[in-house]
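Coordinates as given in work.cif (mmCIF, C-alpha atoms and all ligand atoms):
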data_entry
#
loop_
_atom_site.group_PDB
_atom_site.id
_atom_site.type_symbol
_atom_site.label_atom_id
_atom_site.label_comp_id
_atom_site.auth_asym_id
_atom_site.auth_seq_id
_atom_site.Cartn_x
_atom_site.Cartn_y
_atom_site.Cartn_z
ATOM 1 C CA MET A 1 79.636 141.428 205.697
ATOM 2 C CA SER A 2 79.873 138.569 203.217
ATOM 3 C CA LEU A 3 76.265 137.575 203.877
ATOM 4 C CA TYR A 4 74.985 141.128 203.404
ATOM 5 C CA ARG A 5 76.971 141.488 200.186
ATOM 6 C CA GLU A 6 75.206 138.404 198.835
ATOM 7 C CA THR A 7 71.714 139.421 199.995
ATOM 8 C CA VAL A 8 69.329 140.582 197.273
ATOM 9 C CA PRO A 9 66.865 143.257 198.485
ATOM 10 C CA HIS A 10 63.292 141.918 198.611
ATOM 11 C CA GLU A 11 60.443 143.269 196.463
ATOM 12 C CA GLY A 12 59.325 145.686 199.181
ATOM 13 C CA PHE A 13 62.315 147.894 198.401
ATOM 14 C CA SER A 14 61.300 148.341 194.752
ATOM 15 C CA ILE A 15 57.720 149.133 195.793
ATOM 16 C CA LEU A 16 59.055 151.896 198.046
ATOM 17 C CA ARG A 17 61.216 153.146 195.172
ATOM 18 C CA ARG A 18 58.211 153.297 192.826
ATOM 19 C CA TRP A 19 56.160 155.278 195.360
ATOM 20 C CA ALA A 20 59.077 157.631 196.014
ATOM 21 C CA ASP A 21 59.573 158.272 192.282
ATOM 22 C CA ARG A 22 55.936 159.373 191.919
ATOM 23 C CA ILE A 23 56.038 162.223 194.444
ATOM 24 C CA PRO A 24 57.655 165.623 193.911
ATOM 25 C CA ARG A 25 60.205 165.533 196.739
ATOM 26 C CA GLY A 26 60.847 161.787 196.553
ATOM 27 C CA ALA A 27 61.811 159.907 199.697
ATOM 28 C CA PHE A 28 64.484 159.898 202.339
ATOM 29 C CA VAL A 29 65.505 156.744 204.186
ATOM 30 C CA PHE A 30 66.078 156.778 207.951
ATOM 31 C CA THR A 31 67.316 153.347 208.975
ATOM 32 C CA SER A 32 68.891 151.572 211.924
ATOM 33 C CA ASN A 33 69.869 148.732 209.581
ATOM 34 C CA VAL A 34 73.585 148.538 208.889
ATOM 35 C CA ASP A 35 73.321 146.219 205.873
ATOM 36 C CA GLY A 36 73.266 148.788 203.028
ATOM 37 C CA GLN A 37 70.205 147.184 201.415
ATOM 38 C CA PHE A 38 68.489 150.495 200.599
ATOM 39 C CA GLN A 39 71.475 151.653 198.524
ATOM 40 C CA LYS A 40 71.640 148.235 196.877
ATOM 41 C CA ALA A 41 67.950 148.602 195.990
ATOM 42 C CA GLY A 42 68.713 151.872 194.197
ATOM 43 C CA PHE A 43 68.106 154.567 196.826
ATOM 44 C CA SER A 44 70.675 157.292 196.342
ATOM 45 C CA GLU A 45 73.509 157.502 198.879
ATOM 46 C CA GLY A 46 72.589 161.159 199.454
ATOM 47 C CA ARG A 47 69.074 160.195 200.537
ATOM 48 C CA VAL A 48 69.944 157.667 203.256
ATOM 49 C CA HIS A 49 70.593 158.268 206.943
ATOM 50 C CA GLU A 50 72.016 155.185 208.674
ATOM 51 C CA CYS A 51 71.569 156.077 212.335
ATOM 52 C CA HIS A 52 73.708 153.147 213.535
ATOM 53 C CA GLY A 53 76.322 153.348 210.767
ATOM 54 C CA SER A 54 77.106 150.803 208.067
ATOM 55 C CA ILE A 55 78.934 147.493 207.876
ATOM 56 C CA HIS A 56 80.210 148.499 204.434
ATOM 57 C CA THR A 57 82.283 151.325 205.913
ATOM 58 C CA LEU A 58 85.421 150.851 208.018
ATOM 59 C CA GLN A 59 87.188 153.025 210.577
ATOM 60 C CA CYS A 60 90.305 152.763 212.756
ATOM 61 C CA LEU A 61 89.730 150.716 215.944
ATOM 62 C CA ASP A 62 91.792 153.279 217.872
ATOM 63 C CA ALA A 63 89.997 156.160 216.110
ATOM 64 C CA CYS A 64 93.400 157.722 215.339
ATOM 65 C CA THR A 65 91.556 159.805 212.751
ATOM 66 C CA ASN A 66 87.951 160.719 211.960
ATOM 67 C CA ASP A 67 88.363 159.168 208.519
ATOM 68 C CA THR A 68 86.129 156.314 207.430
ATOM 69 C CA TRP A 69 86.563 154.362 204.229
ATOM 70 C CA SER A 70 84.689 151.909 202.041
ATOM 71 C CA ALA A 71 85.092 148.235 202.947
ATOM 72 C CA GLU A 72 84.971 147.209 199.276
ATOM 73 C CA GLU A 73 88.712 146.415 199.187
ATOM 74 C CA PHE A 74 88.253 143.962 202.073
ATOM 75 C CA HIS A 75 87.272 140.469 200.934
ATOM 76 C CA PRO A 76 86.807 138.316 204.037
ATOM 77 C CA LEU A 77 87.534 134.618 203.569
ATOM 78 C CA VAL A 78 85.323 132.902 206.146
ATOM 79 C CA ASN A 79 85.427 129.236 207.116
ATOM 80 C CA GLU A 80 81.723 128.313 206.913
ATOM 81 C CA LYS A 81 82.092 125.477 209.461
ATOM 82 C CA THR A 82 83.931 127.345 212.207
ATOM 83 C CA SER A 83 82.804 130.900 211.307
ATOM 84 C CA GLU A 84 86.443 131.931 211.581
ATOM 85 C CA LEU A 85 88.071 134.500 209.372
ATOM 86 C CA GLU A 86 90.883 132.870 207.413
ATOM 87 C CA SER A 87 92.152 135.931 205.570
ATOM 88 C CA ALA A 88 93.977 138.897 207.089
ATOM 89 C CA LEU A 89 92.014 141.401 209.174
ATOM 90 C CA PRO A 90 91.627 144.869 207.687
ATOM 91 C CA ARG A 91 94.010 147.558 208.969
ATOM 92 C CA CYS A 92 93.905 151.324 209.382
ATOM 93 C CA PRO A 93 95.886 152.795 206.465
ATOM 94 C CA ARG A 94 97.072 155.656 208.690
ATOM 95 C CA CYS A 95 98.400 153.951 211.865
ATOM 96 C CA GLY A 96 98.256 150.228 211.068
ATOM 97 C CA ALA A 97 95.888 149.355 213.955
ATOM 98 C CA LEU A 98 92.977 147.015 213.304
ATOM 99 C CA ALA A 99 90.095 148.434 211.352
ATOM 100 C CA ARG A 100 86.510 147.879 212.482
ATOM 101 C CA PRO A 101 83.061 148.346 210.948
ATOM 102 C CA ASN A 102 81.741 151.889 211.330
ATOM 103 C CA ILE A 103 78.742 150.531 213.286
ATOM 104 C CA LEU A 104 77.560 151.985 216.586
ATOM 105 C CA MET A 105 77.828 149.318 219.306
ATOM 106 C CA PHE A 106 76.526 149.520 222.898
ATOM 107 C CA GLY A 107 78.690 151.823 225.043
ATOM 108 C CA ASP A 108 80.764 152.597 221.971
ATOM 109 C CA TRP A 109 82.904 155.676 222.593
ATOM 110 C CA GLY A 110 85.243 155.014 219.674
ATOM 111 C CA TRP A 111 82.589 155.214 216.959
ATOM 112 C CA VAL A 112 83.436 157.812 214.312
ATOM 113 C CA ASP A 113 80.210 159.727 213.643
ATOM 114 C CA VAL A 114 81.321 161.962 210.757
ATOM 115 C CA THR A 115 79.228 160.117 208.147
ATOM 116 C CA TYR A 116 76.317 159.980 210.589
ATOM 117 C CA GLU A 117 76.416 163.756 211.068
ATOM 118 C CA ARG A 118 76.691 164.472 207.334
ATOM 119 C CA GLN A 119 73.712 162.204 206.601
ATOM 120 C CA ARG A 120 71.712 163.750 209.457
ATOM 121 C CA GLU A 121 72.269 167.266 208.115
ATOM 122 C CA ARG A 122 71.085 166.190 204.659
ATOM 123 C CA LEU A 123 68.000 164.553 206.205
ATOM 124 C CA GLU A 124 67.116 167.683 208.194
ATOM 125 C CA ALA A 125 67.548 169.890 205.128
ATOM 126 C CA TRP A 126 65.247 167.573 203.165
ATOM 127 C CA ILE A 127 62.577 167.413 205.899
ATOM 128 C CA SER A 128 62.492 171.207 206.068
ATOM 129 C CA LEU A 129 61.444 171.264 202.378
ATOM 130 C CA VAL A 130 58.583 168.766 202.739
ATOM 131 C CA SER A 131 55.227 170.161 203.792
ATOM 132 C CA LYS A 132 53.209 166.927 204.125
ATOM 133 C CA PRO A 133 55.581 164.062 204.937
ATOM 134 C CA VAL A 134 54.273 160.501 205.083
ATOM 135 C CA VAL A 135 56.393 158.139 207.169
ATOM 136 C CA ILE A 136 56.346 154.442 206.287
ATOM 137 C CA GLU A 137 57.913 152.687 209.262
ATOM 138 C CA LEU A 138 59.026 149.113 208.639
ATOM 139 C CA GLY A 139 59.681 146.549 211.343
ATOM 140 C CA ALA A 140 61.028 148.993 213.910
ATOM 141 C CA GLY A 141 61.373 147.443 217.359
ATOM 142 C CA LYS A 142 60.363 148.871 220.721
ATOM 143 C CA ALA A 143 63.443 147.679 222.650
ATOM 144 C CA LEU A 144 65.637 150.351 221.105
ATOM 145 C CA PRO A 145 63.016 152.817 219.899
ATOM 146 C CA THR A 146 65.228 155.209 217.894
ATOM 147 C CA VAL A 147 63.316 154.601 214.664
ATOM 148 C CA ARG A 148 59.849 154.597 216.266
ATOM 149 C CA ARG A 149 60.563 157.881 217.998
ATOM 150 C CA PHE A 150 61.865 159.391 214.766
ATOM 151 C CA SER A 151 58.752 158.388 212.820
ATOM 152 C CA GLU A 152 56.272 159.570 215.474
ATOM 153 C CA ARG A 153 58.073 162.901 215.723
ATOM 154 C CA ASN A 154 58.195 163.520 211.969
ATOM 155 C CA ALA A 155 55.012 161.957 210.559
ATOM 156 C CA ARG A 156 52.719 164.748 211.770
ATOM 157 C CA GLY A 157 49.798 162.310 211.867
ATOM 158 C CA ARG A 158 50.722 160.486 208.642
ATOM 159 C CA LEU A 159 52.516 157.436 209.989
ATOM 160 C CA ILE A 160 52.056 154.019 208.369
ATOM 161 C CA ARG A 161 53.541 151.505 210.789
ATOM 162 C CA ILE A 162 54.140 147.992 209.474
ATOM 163 C CA ASN A 163 55.234 145.594 212.173
ATOM 164 C CA LEU A 164 55.066 141.839 212.702
ATOM 165 C CA ARG A 165 54.751 141.986 216.490
ATOM 166 C CA ASP A 166 53.782 145.457 217.590
ATOM 167 C CA PRO A 167 51.951 147.579 215.021
ATOM 168 C CA ASN A 168 50.014 149.529 217.676
ATOM 169 C CA THR A 169 49.875 153.160 216.733
ATOM 170 C CA SER A 170 47.959 155.910 218.464
ATOM 171 C CA PRO A 171 45.350 157.482 216.133
ATOM 172 C CA SER A 172 47.141 160.821 216.449
ATOM 173 C CA HIS A 173 50.245 159.291 214.882
ATOM 174 C CA GLY A 174 48.641 157.313 212.046
ATOM 175 C CA VAL A 175 47.747 153.707 211.228
ATOM 176 C CA GLY A 176 49.325 150.341 211.990
ATOM 177 C CA PHE A 177 49.417 147.099 209.984
ATOM 178 C CA GLU A 178 50.365 143.805 211.580
ATOM 179 C CA GLY A 179 52.478 141.757 209.208
ATOM 180 C CA ASN A 180 55.687 141.048 207.384
ATOM 181 C CA CYS A 181 57.110 144.133 205.637
ATOM 182 C CA ALA A 182 57.498 142.777 202.106
ATOM 183 C CA ALA A 183 54.090 141.071 202.093
ATOM 184 C CA THR A 184 52.283 144.100 203.559
ATOM 185 C CA LEU A 185 53.927 146.505 201.113
ATOM 186 C CA LYS A 186 52.886 144.221 198.238
ATOM 187 C CA LEU A 187 49.319 144.164 199.548
ATOM 188 C CA LEU A 188 49.215 147.967 199.872
ATOM 189 C CA ALA A 189 50.711 148.391 196.387
ATOM 190 C CA SER A 190 48.105 146.054 194.885
ATOM 191 C CA ARG A 191 45.321 148.166 196.435
HETATM 192 ZN ZN ZN A 201 94.467 154.361 212.876
#

Mind turning this structure into structure tokens?
Amino acid sequence: MSLYRETVPHEGFSILRRWADRIPRGAFVFTSNVDGQFQKAGFSEGRVHECHGSIHTLQCLDACTNDTWSAEEFHPLVNEKTSELESALPRCPRCGALARPNILMFGDWGWVDVTYERQRERLEAWISLVSKPVVIELGAGKALPTVRRFSERNARGRLIRINLRDPNTSPSHGVGFEGNCAATLKLLASR
């Protein structure tokens, strides 16, 4: 959490913002990243769907309630040598149990998906208004293909896949570029 708070979004994010600002319906972000970088780069909270949740949101470990809350009050003091947390762990304000990040883990039955559902509804409403969507897919892996499946399903032939290892895209889905996301976006913007 501390590392993500310190991270500055790379230039690729502002290129995406510029493109989004030029088109009538703007853009919507679908991301499996939990680091909150799109919001930090200026994408509106109402236009982001974080399909695996966010590290900047907390929930009760025992899921005593469906409430989630911002982690901004939690300031972890981490020993850089041992990677141990030296400050108190965050607690659920309702029952006092430990709090945890609202991130979907493997086999995670205690994940509160209220934010996920609200974001998903907004995304679906937005997609239904867009007649010719273009999907720019960035660095999505094949091991857990949630993002790749989403983009192939929604691009309707207008998929731009940027991937360092596996840019292969069937012609019916769109085009693929092999490379680093920030560098490839810069190259496309310059053209
Ligand atoms: Zn609780």

*Have a look at atom CA of Arg118 of chain A and atom CA of Ile103 of chain A and let me know their distance in Å, one decimal.*
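Computed distance, atom CA of Arg118 of chain A to atom CA of Ile103 of chain A, equals 15.3 Å.
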
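Using all atoms listed in the file, the smallest distance between any of A:Ser44, A:Asn66, A:Asn79, A:Ser32 and ligand ZN 201 (chain A) comes from A:Asn66.
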
*Quick one: of A:Gln119, A:Thr68, A:Ser14, A:Ser2, who's nearest to ligand ZN 201 (chain A), counting only C-alpha atoms and all ligand atoms?*
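Nearest to ligand ZN 201 (chain A): A:Thr68.
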
Give me, as a Markdown table, each residue of segment 109-144 of chain A that comes within 12 Å of segment 91-101 of chain A, together with its shortest interatomic pair and the distance in Å at one decimal, counting all atoms listed in the file, with rows ordered by chain and rising residue number.
| residue | atom | partner | partner_atom | distance |
| --- | --- | --- | --- | --- |
| A:Gly110 | CA | A:Arg100 | CA | 10.2 |
| A:Trp111 | CA | A:Pro101 | CA | 9.1 |
| A:Val112 | CA | A:Pro101 | CA | 10.1 |

Since I can't run it myself right now, could you work out what the PyMOL selection byres (((chain A and resi 78) around 12) and not hetatm) selects here and report it as a PDB file with C-alpha atoms, keeping the file's coordinate frame?
ATOM      1  CA  MET A   1      79.636 141.428 205.697  1.00  0.00           C
ATOM      2  CA  SER A   2      79.873 138.569 203.217  1.00  0.00           C
ATOM      3  CA  LEU A   3      76.265 137.575 203.877  1.00  0.00           C
ATOM      4  CA  HIS A  75      87.272 140.469 200.934  1.00  0.00           C
ATOM      5  CA  PRO A  76      86.807 138.316 204.037  1.00  0.00           C
ATOM      6  CA  LEU A  77      87.534 134.618 203.569  1.00  0.00           C
ATOM      7  CA  ASN A  79      85.427 129.236 207.116  1.00  0.00           C
ATOM      8  CA  GLU A  80      81.723 128.313 206.913  1.00  0.00           C
ATOM      9  CA  LYS A  81      82.092 125.477 209.461  1.00  0.00           C
ATOM     10  CA  THR A  82      83.931 127.345 212.207  1.00  0.00           C
ATOM     11  CA  SER A  83      82.804 130.900 211.307  1.00  0.00           C
ATOM     12  CA  GLU A  84      86.443 131.931 211.581  1.00  0.00           C
ATOM     13  CA  LEU A  85      88.071 134.500 209.372  1.00  0.00           C
ATOM     14  CA  GLU A  86      90.883 132.870 207.413  1.00  0.00           C
ATOM     15  CA  SER A  87      92.152 135.931 205.570  1.00  0.00           C
ATOM     16  CA  ALA A  88      93.977 138.897 207.089  1.00  0.00           C
ATOM     17  CA  LEU A  89      92.014 141.401 209.174  1.00  0.00           C
TER      18      LEU A  89
END

*asked:* Which residue is closest to Asp108 of chain A? Choose from A:Leu138, A:Leu61, A:Ile127, A:Val34 and count all atoms listed in the file.
replied: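 Ranking A:Leu138, A:Leu61, A:Ile127, A:Val34 by distance to Asp108 of chain A, first place goes to A:Leu61.
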
*Which value, in Å to one decimal, gives the distance between atom CA of Trp19 of chain A and atom CA of Ile55 of chain A?*
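Atom-to-atom, atom CA of Trp19 of chain A and atom CA of Ile55 of chain A are spaced 27.1 Å apart.
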
_I need the residue nearest ligand ZN 201 (chain A) from this list: A:Val29, A:Leu58, A:Cys181, A:Val48. Use only C-alpha atoms and all ligand atoms for the distance._
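Of A:Val29, A:Leu58, A:Cys181, A:Val48, the one nearest ligand ZN 201 (chain A), counting only C-alpha atoms and all ligand atoms, is A:Leu58.
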
Can you tell me, as JSON, the centre and edge lengths (Å, one decimal) of the axis-aligned box enclosing all of segment 178-188 of chain A's listed atoms after padding each side by 3 Å?
{"center_x": 53.4, "center_y": 144.5, "center_z": 204.9, "size_x": 14.3, "size_y": 12.9, "size_z": 19.3}

Write out as a tab-separated table a residue-level contact list of segment 3-105 of chain A versus segment 142-147 of chain A with cut-off 9 Å: for each qualifying residue the closest pair of atoms and the distance in Å to one decimal, counting only C-alpha atoms, rows sorted by chain and residue number upward.
residue	atom	partner	partner_atom	distance
A:Phe30	CA	A:Val147	CA	7.6
A:Thr31	CA	A:Val147	CA	7.1
A:Ser32	CA	A:Val147	CA	6.9
A:Cys51	CA	A:Thr146	CA	8.5

*Kindly extract all protein, DNA and RNA residues lying within 7 Å of the coordinates (63.8, 165.1, 200.6) given in the file, considering all atoms listed in the file, and supply them as a VMD selection string.*
chain A and resid 25 to 28 126 to 127 129 to 130

_Calculated over only C-alpha atoms and all ligand atoms, which of the candidates A:Thr169, A:Gln59, A:Asn163, A:Ser151 has the smallest distance to ligand ZN 201 (chain A)?_
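Of the candidates, the smallest distance to ligand ZN 201 (chain A) is held by A:Gln59.
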
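Picked out by the PyMOL selection byres (((chain A and resi 182) around 7) and not hetatm) when it runs on this file: His10, Glu11, Gly12, Asn180, Cys181, Ala183, Thr184, Leu185 and Lys186 of chain A.
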
*Point out the residue among A:Glu73, A:Pro171, A:Ile23, A:Phe38 with the least atom-to-atom distance to Lys132 of chain A, counting all atoms listed in the file.*
A:Ile23
